[in-house]
$ cat my_file.cif   # mmCIF, C-alpha atoms
data_my_file
loop_
_atom_site.label_atom_id
_atom_site.label_comp_id
_atom_site.auth_asym_id
_atom_site.auth_seq_id
_atom_site.Cartn_x
_atom_site.Cartn_y
_atom_site.Cartn_z
CA MET A 1 17.23 -4.11 39.34
CA ALA A 2 15.06 -5.91 41.81
CA GLY A 3 11.55 -5.01 42.88
CA ASP A 4 9.72 -2.39 40.86
CA VAL A 5 12.60 -1.55 38.56
CA LEU A 6 10.97 1.49 36.99
CA SER A 7 10.24 3.03 40.40
CA ASP A 8 13.84 2.34 41.46
CA ILE A 9 15.17 4.16 38.40
CA GLU A 10 12.81 7.09 38.98
CA GLN A 11 13.92 7.33 42.59
CA PHE A 12 17.53 7.53 41.45
CA PHE A 13 16.75 10.43 39.08
CA SER A 14 14.16 11.99 41.41
CA ALA A 15 15.74 15.46 41.79
CA TYR A 16 15.41 16.14 38.05
CA LEU A 17 12.08 14.40 37.67
CA LYS A 18 10.44 16.35 40.49
CA ALA A 19 11.80 19.63 39.11
CA THR A 20 10.23 18.97 35.72
CA GLY A 21 6.97 17.30 36.62
CA ASP A 22 5.41 14.64 38.77
CA GLY A 23 8.54 12.61 39.51
CA THR A 24 7.98 9.91 36.91
CA ILE A 25 9.85 9.12 33.72
CA PHE A 26 6.92 7.63 31.86
CA LYS A 27 3.30 8.75 32.01
CA SER A 28 -0.01 7.27 30.93
CA GLY A 29 -0.64 7.62 27.22
CA GLN A 30 2.93 8.42 26.22
CA ASP A 31 4.34 7.03 23.02
CA VAL A 32 7.65 5.31 23.81
CA LEU A 33 9.99 4.09 21.12
CA GLU A 34 12.21 1.10 21.81
CA ILE A 35 15.53 0.87 19.99
CA SER A 36 17.54 -2.32 20.23
CA ASP A 37 19.47 -4.77 18.21
CA PRO A 38 18.29 -8.32 18.71
CA LEU A 39 19.31 -9.10 22.28
CA ASP A 40 18.49 -11.82 24.69
CA PHE A 41 16.51 -9.84 27.24
CA ASP A 42 17.05 -11.29 30.69
CA ASP A 43 14.47 -11.21 33.48
CA GLN A 44 15.60 -7.75 34.65
CA ALA A 45 15.27 -6.30 31.16
CA GLN A 46 11.88 -7.92 30.62
CA ALA A 47 10.66 -6.55 33.96
CA LEU A 48 11.63 -3.02 32.92
CA ARG A 49 9.96 -3.36 29.51
CA LYS A 50 6.74 -4.63 31.11
CA ALA A 51 6.79 -1.84 33.74
CA ILE A 52 7.09 0.84 31.05
CA GLU A 53 4.21 -0.63 29.06
CA ALA A 54 2.09 -0.94 32.21
CA ARG A 55 2.79 2.69 33.17
CA THR A 56 2.06 4.14 29.73
CA GLY A 57 -0.75 1.78 28.84
CA THR A 58 0.74 1.47 25.36
CA PRO A 59 3.12 -1.05 23.81
CA LEU A 60 6.70 -0.03 23.18
CA GLU A 61 6.97 1.05 19.55
CA SER A 62 9.70 -0.08 17.19
CA ALA A 63 11.48 2.16 14.69
CA ASP A 64 12.19 -0.94 12.63
CA GLU A 65 8.45 -1.47 12.16
CA GLY A 66 8.12 2.05 10.77
CA LEU A 67 5.54 3.10 13.33
CA VAL A 68 7.00 6.52 14.08
CA TYR A 69 9.56 7.16 11.36
CA GLY A 70 10.33 10.68 10.24
CA GLY A 71 7.85 12.67 12.27
CA ALA A 72 9.34 13.22 15.72
CA GLU A 73 6.37 11.37 17.12
CA CYS A 74 7.58 9.92 20.43
CA ASP A 75 7.64 11.38 23.92
CA ALA A 76 10.52 9.17 25.00
CA ALA A 77 12.74 6.34 23.88
CA VAL A 78 14.26 3.31 25.55
CA ALA A 79 17.53 2.38 23.87
CA TRP A 80 19.27 -0.90 24.70
CA TRP A 81 22.88 -0.54 23.62
CA ARG A 82 26.05 -2.58 23.92
CA GLN A 83 29.65 -1.43 23.35
CA GLY A 84 30.74 -2.57 19.90
CA GLU A 85 27.32 -2.26 18.28
CA ARG A 86 26.58 0.41 15.74
CA SER A 87 27.56 3.96 16.59
CA LEU A 88 26.00 5.28 19.78
CA ASN A 89 26.40 8.83 18.45
CA ASP A 90 24.52 7.97 15.26
CA MET A 91 21.70 6.37 17.22
CA LEU A 92 21.38 9.37 19.56
CA VAL A 93 21.38 11.83 16.65
CA ARG A 94 18.73 9.79 14.86
CA LEU A 95 16.57 9.70 17.97
CA ARG A 96 16.98 13.42 18.55
CA ASP A 97 16.34 14.47 14.95
CA GLU A 98 13.85 11.92 13.64
CA TYR A 99 11.82 10.44 16.46
CA LEU A 100 11.63 12.45 19.67
CA ARG A 101 9.39 15.40 20.30
CA GLU A 102 11.19 18.58 21.38
CA ASN A 103 11.18 17.74 25.09
CA GLY A 104 11.71 14.02 24.54
CA TYR A 105 14.34 12.05 26.40
CA VAL A 106 16.14 8.72 26.20
CA LEU A 107 16.38 6.04 28.85
CA LEU A 108 19.64 4.42 27.73
CA ILE A 109 20.09 0.89 29.03
CA THR A 110 23.57 -0.62 28.76
CA PRO A 111 25.16 -3.76 30.19
CA ALA A 112 26.49 -3.46 33.74
CA GLN A 113 30.19 -3.58 34.52
CA GLY A 114 31.50 -7.10 34.00
CA GLN A 115 28.86 -7.91 31.37
CA ASP A 116 29.63 -8.25 27.65
CA GLY A 117 29.22 -4.90 25.92
CA HIS A 118 29.66 -2.70 29.02
CA TRP A 119 30.22 1.03 28.34
CA ASN A 120 32.37 3.08 30.64
CA GLU A 121 30.95 6.37 31.92
CA GLY A 122 33.51 8.47 30.03
CA ASP A 123 32.55 7.00 26.66
CA LEU A 124 28.84 7.50 27.35
CA GLY A 125 29.43 11.09 28.44
CA LEU A 126 31.52 11.84 25.37
CA ALA A 127 28.92 10.38 23.02
CA GLY A 128 26.19 12.44 24.67
CA HIS A 129 28.27 15.60 24.63
CA TRP A 130 28.89 15.41 20.90
CA VAL A 131 25.19 15.05 20.05
CA GLY A 132 23.85 17.53 22.59
CA VAL A 133 22.34 15.26 25.22
CA GLY A 134 23.33 14.98 28.86
CA ASN A 135 23.05 12.22 31.45
CA LEU A 136 21.11 13.36 34.47
CA GLY A 137 22.94 12.78 37.69
CA LYS A 138 26.19 12.45 35.73
CA LYS A 139 26.33 8.72 36.41
CA PRO A 140 24.10 5.77 35.59
CA TYR A 141 21.69 3.97 37.88
CA GLU A 142 23.48 0.70 38.69
CA PRO A 143 22.16 -1.25 41.66
CA GLU A 144 24.22 -4.08 43.10
CA GLY A 145 23.77 -7.31 41.19
CA ALA A 146 22.20 -5.67 38.14
CA THR A 147 22.92 -6.94 34.65
CA TRP A 148 21.87 -3.60 33.09
CA VAL A 149 22.43 0.03 34.04
CA ALA A 150 20.24 3.01 33.18
CA SER A 151 21.18 6.51 32.08
CA LEU A 152 18.52 9.18 31.57
CA LEU A 153 19.56 11.42 28.68
CA ILE A 154 17.95 14.78 27.98
CA ARG A 155 18.63 17.49 25.44
CA GLN A 156 21.10 20.01 26.69
CA GLN A 157 19.59 23.47 26.75
CA THR A 158 21.29 26.06 24.59
CA PRO A 159 21.65 29.47 26.16
CA THR A 160 19.32 32.15 24.83
CA SER A 161 20.45 35.69 24.40
#

$ encode --input "my_file.cif" --output "structure tokens"
Amino acid sequence: MAGDVLSDIEQFFSAYLKATGDGTIFKSGQDVLEISDPLDFDDQAQALRKAIEARTGTPLESADEGLVYGGAECDAAVAWWRQGERSLNDMLVRLRDEYLRENGYVLLITPAQGQDGHWNEGDLGLAGHWVGVGNLGKKPYEPEGATWVASLLIRQQTPTS
């Protein structure tokens, strides 16, 4: 995740982002919730966190600090998750039901292949399927040499009759 990491991620998901707006994941003034267990954020992770805050002009909010609890108050969430931590399904359900506005989405950041806590694509897809979110592009953004990979999860639309 070299260079402007947020722009690189947006470029990867550009087909969806351009179809739904201006081609960016995060916009000025958005409230973005950050979910993570205590992790040692490396330089790549810190660069992404700083880029999101710079883009939105607001600090990343923490559910643990009670800033947005129980009111579906966030436009988006950034979730840092490792295999073997608490249930990914439970976290996604909680985000969907308690924190995110109706059109909210999750930028799920997981360790890259070869890193401790790496998720395989099948497990991520299954978790998303069971809670009604889908990964855009069907595969994560994983540039060569990255320590983290990004998946953009959105609510799956239910057919209307």

$ resolve_selection --input "my_file.cif" --expression "the PyMOL selection byres ((chain A and resi 40-50) around 12)" --output "VMD selection string"
chain A and resid 1 to 10 26 32 to 39 51 to 61 77 to 82 107 109 to 112 143 145 to 150

$ atom_distance --input "my_file.cif" --atom1 "atom CA of A:Asp75" --atom2 "atom CA of A:Leu153"
12.8 Å

$ atom_distance --input "my_file.cif" --atom1 "atom CA of A:Leu17" --atom2 "atom CA of A:Ile154"
11.3 Å

$ atom_distance --input "my_file.cif" --atom1 "atom CA of A:Val93" --atom2 "atom CA of A:Ser28"
26.1 Å

$ closest_residue --input "my_file.cif" --among "A:Lys18, A:Ser62, A:Gly122, A:Gln83" --to "A:Leu95" --atoms "all atoms listed in the file"
A:Ser62

$ closest_residue --input "my_file.cif" --among "A:Gln115, A:Asn120, A:Asn89, A:Gln30" --to "A:Glu73" --atoms "only C-alpha atoms"
A:Gln30

$ closest_residue --input "my_file.cif" --among "A:Asp116, A:Ser87, A:Leu126, A:Ala76" --to "A:Asn103" --atoms "only C-alpha atoms"
A:Ala76

$ resolve_selection --input "my_file.cif" --expression "the PyMOL selection byres ((chain A and resi 101) around 9)" --output "list in words"
Gly71, Ala72, Glu73, Cys74, Asp75, Ala76, Arg96, Asp97, Glu98, Tyr99, Leu100, Glu102, Asn103, Gly104 and Tyr105 of chain A

$ write_last_selection --input "my_file.cif" --atoms "C-alpha atoms" --output "PDB file, keeping the file's coordinate frame"
ATOM      1  CA  GLY A  71       7.850  12.670  12.270  1.00  0.00           C
ATOM      2  CA  ALA A  72       9.340  13.220  15.720  1.00  0.00           C
ATOM      3  CA  GLU A  73       6.370  11.370  17.120  1.00  0.00           C
ATOM      4  CA  CYS A  74       7.580   9.920  20.430  1.00  0.00           C
ATOM      5  CA  ASP A  75       7.640  11.380  23.920  1.00  0.00           C
ATOM      6  CA  ALA A  76      10.520   9.170  25.000  1.00  0.00           C
ATOM      7  CA  ARG A  96      16.980  13.420  18.550  1.00  0.00           C
ATOM      8  CA  ASP A  97      16.340  14.470  14.950  1.00  0.00           C
ATOM      9  CA  GLU A  98      13.850  11.920  13.640  1.00  0.00           C
ATOM     10  CA  TYR A  99      11.820  10.440  16.460  1.00  0.00           C
ATOM     11  CA  LEU A 100      11.630  12.450  19.670  1.00  0.00           C
ATOM     12  CA  GLU A 102      11.190  18.580  21.380  1.00  0.00           C
ATOM     13  CA  ASN A 103      11.180  17.740  25.090  1.00  0.00           C
ATOM     14  CA  GLY A 104      11.710  14.020  24.540  1.00  0.00           C
ATOM     15  CA  TYR A 105      14.340  12.050  26.400  1.00  0.00           C
TER      16      TYR A 105
END

$ residues_around --input "my_file.cif" --residues "A:Gly84" --least-positions-apart "4" --cutoff "10 Å" --atoms "only C-alpha atoms" --output "number ranges by chain"
A: 88, 116-119

$ write_last_selection --input "my_file.cif" --atoms "C-alpha atoms" --output "mmCIF file, in the frame of the given file"
data_model
loop_
_atom_site.group_PDB
_atom_site.id
_atom_site.type_symbol
_atom_site.label_atom_id
_atom_site.label_comp_id
_atom_site.auth_asym_id
_atom_site.auth_seq_id
_atom_site.Cartn_x
_atom_site.Cartn_y
_atom_site.Cartn_z
ATOM 1 C CA LEU A 88 26.000 5.280 19.780
ATOM 2 C CA ASP A 116 29.630 -8.250 27.650
ATOM 3 C CA GLY A 117 29.220 -4.900 25.920
ATOM 4 C CA HIS A 118 29.660 -2.700 29.020
ATOM 5 C CA TRP A 119 30.220 1.030 28.340
#

$ decode --input "my_file.cif" --residues "stretch 104-126 of chain A" --atoms "C-alpha atoms" --output "mmCIF file, in the first residue's frame"
data_model
loop_
_atom_site.group_PDB
_atom_site.id
_atom_site.type_symbol
_atom_site.label_atom_id
_atom_site.label_comp_id
_atom_site.auth_asym_id
_atom_site.auth_seq_id
_atom_site.Cartn_x
_atom_site.Cartn_y
_atom_site.Cartn_z
ATOM 1 C CA GLY A 104 -23.331 2.837 5.067
ATOM 2 C CA TYR A 105 -20.480 0.547 4.122
ATOM 3 C CA VAL A 106 -17.461 -1.112 5.695
ATOM 4 C CA LEU A 107 -13.853 -0.907 4.581
ATOM 5 C CA LEU A 108 -12.620 -4.200 6.048
ATOM 6 C CA ILE A 109 -8.851 -4.323 6.502
ATOM 7 C CA THR A 110 -7.308 -7.729 7.148
ATOM 8 C CA PRO A 111 -3.717 -8.990 7.211
ATOM 9 C CA ALA A 112 -2.229 -9.889 3.835
ATOM 10 C CA GLN A 113 -1.411 -13.463 2.885
ATOM 11 C CA GLY A 114 1.587 -14.656 4.867
ATOM 12 C CA GLN A 115 0.844 -12.321 7.791
ATOM 13 C CA ASP A 116 -0.476 -13.516 11.153
ATOM 14 C CA GLY A 117 -4.271 -13.484 11.160
ATOM 15 C CA HIS A 118 -4.755 -13.645 7.364
ATOM 16 C CA TRP A 119 -8.309 -14.453 6.182
ATOM 17 C CA ASN A 120 -8.861 -16.404 3.016
ATOM 18 C CA GLU A 121 -11.317 -14.996 0.481
ATOM 19 C CA GLY A 122 -13.786 -17.860 0.944
ATOM 20 C CA ASP A 123 -14.125 -17.242 4.684
ATOM 21 C CA LEU A 124 -14.610 -13.512 4.157
ATOM 22 C CA GLY A 125 -17.232 -14.129 1.476
ATOM 23 C CA LEU A 126 -19.097 -16.606 3.650
#
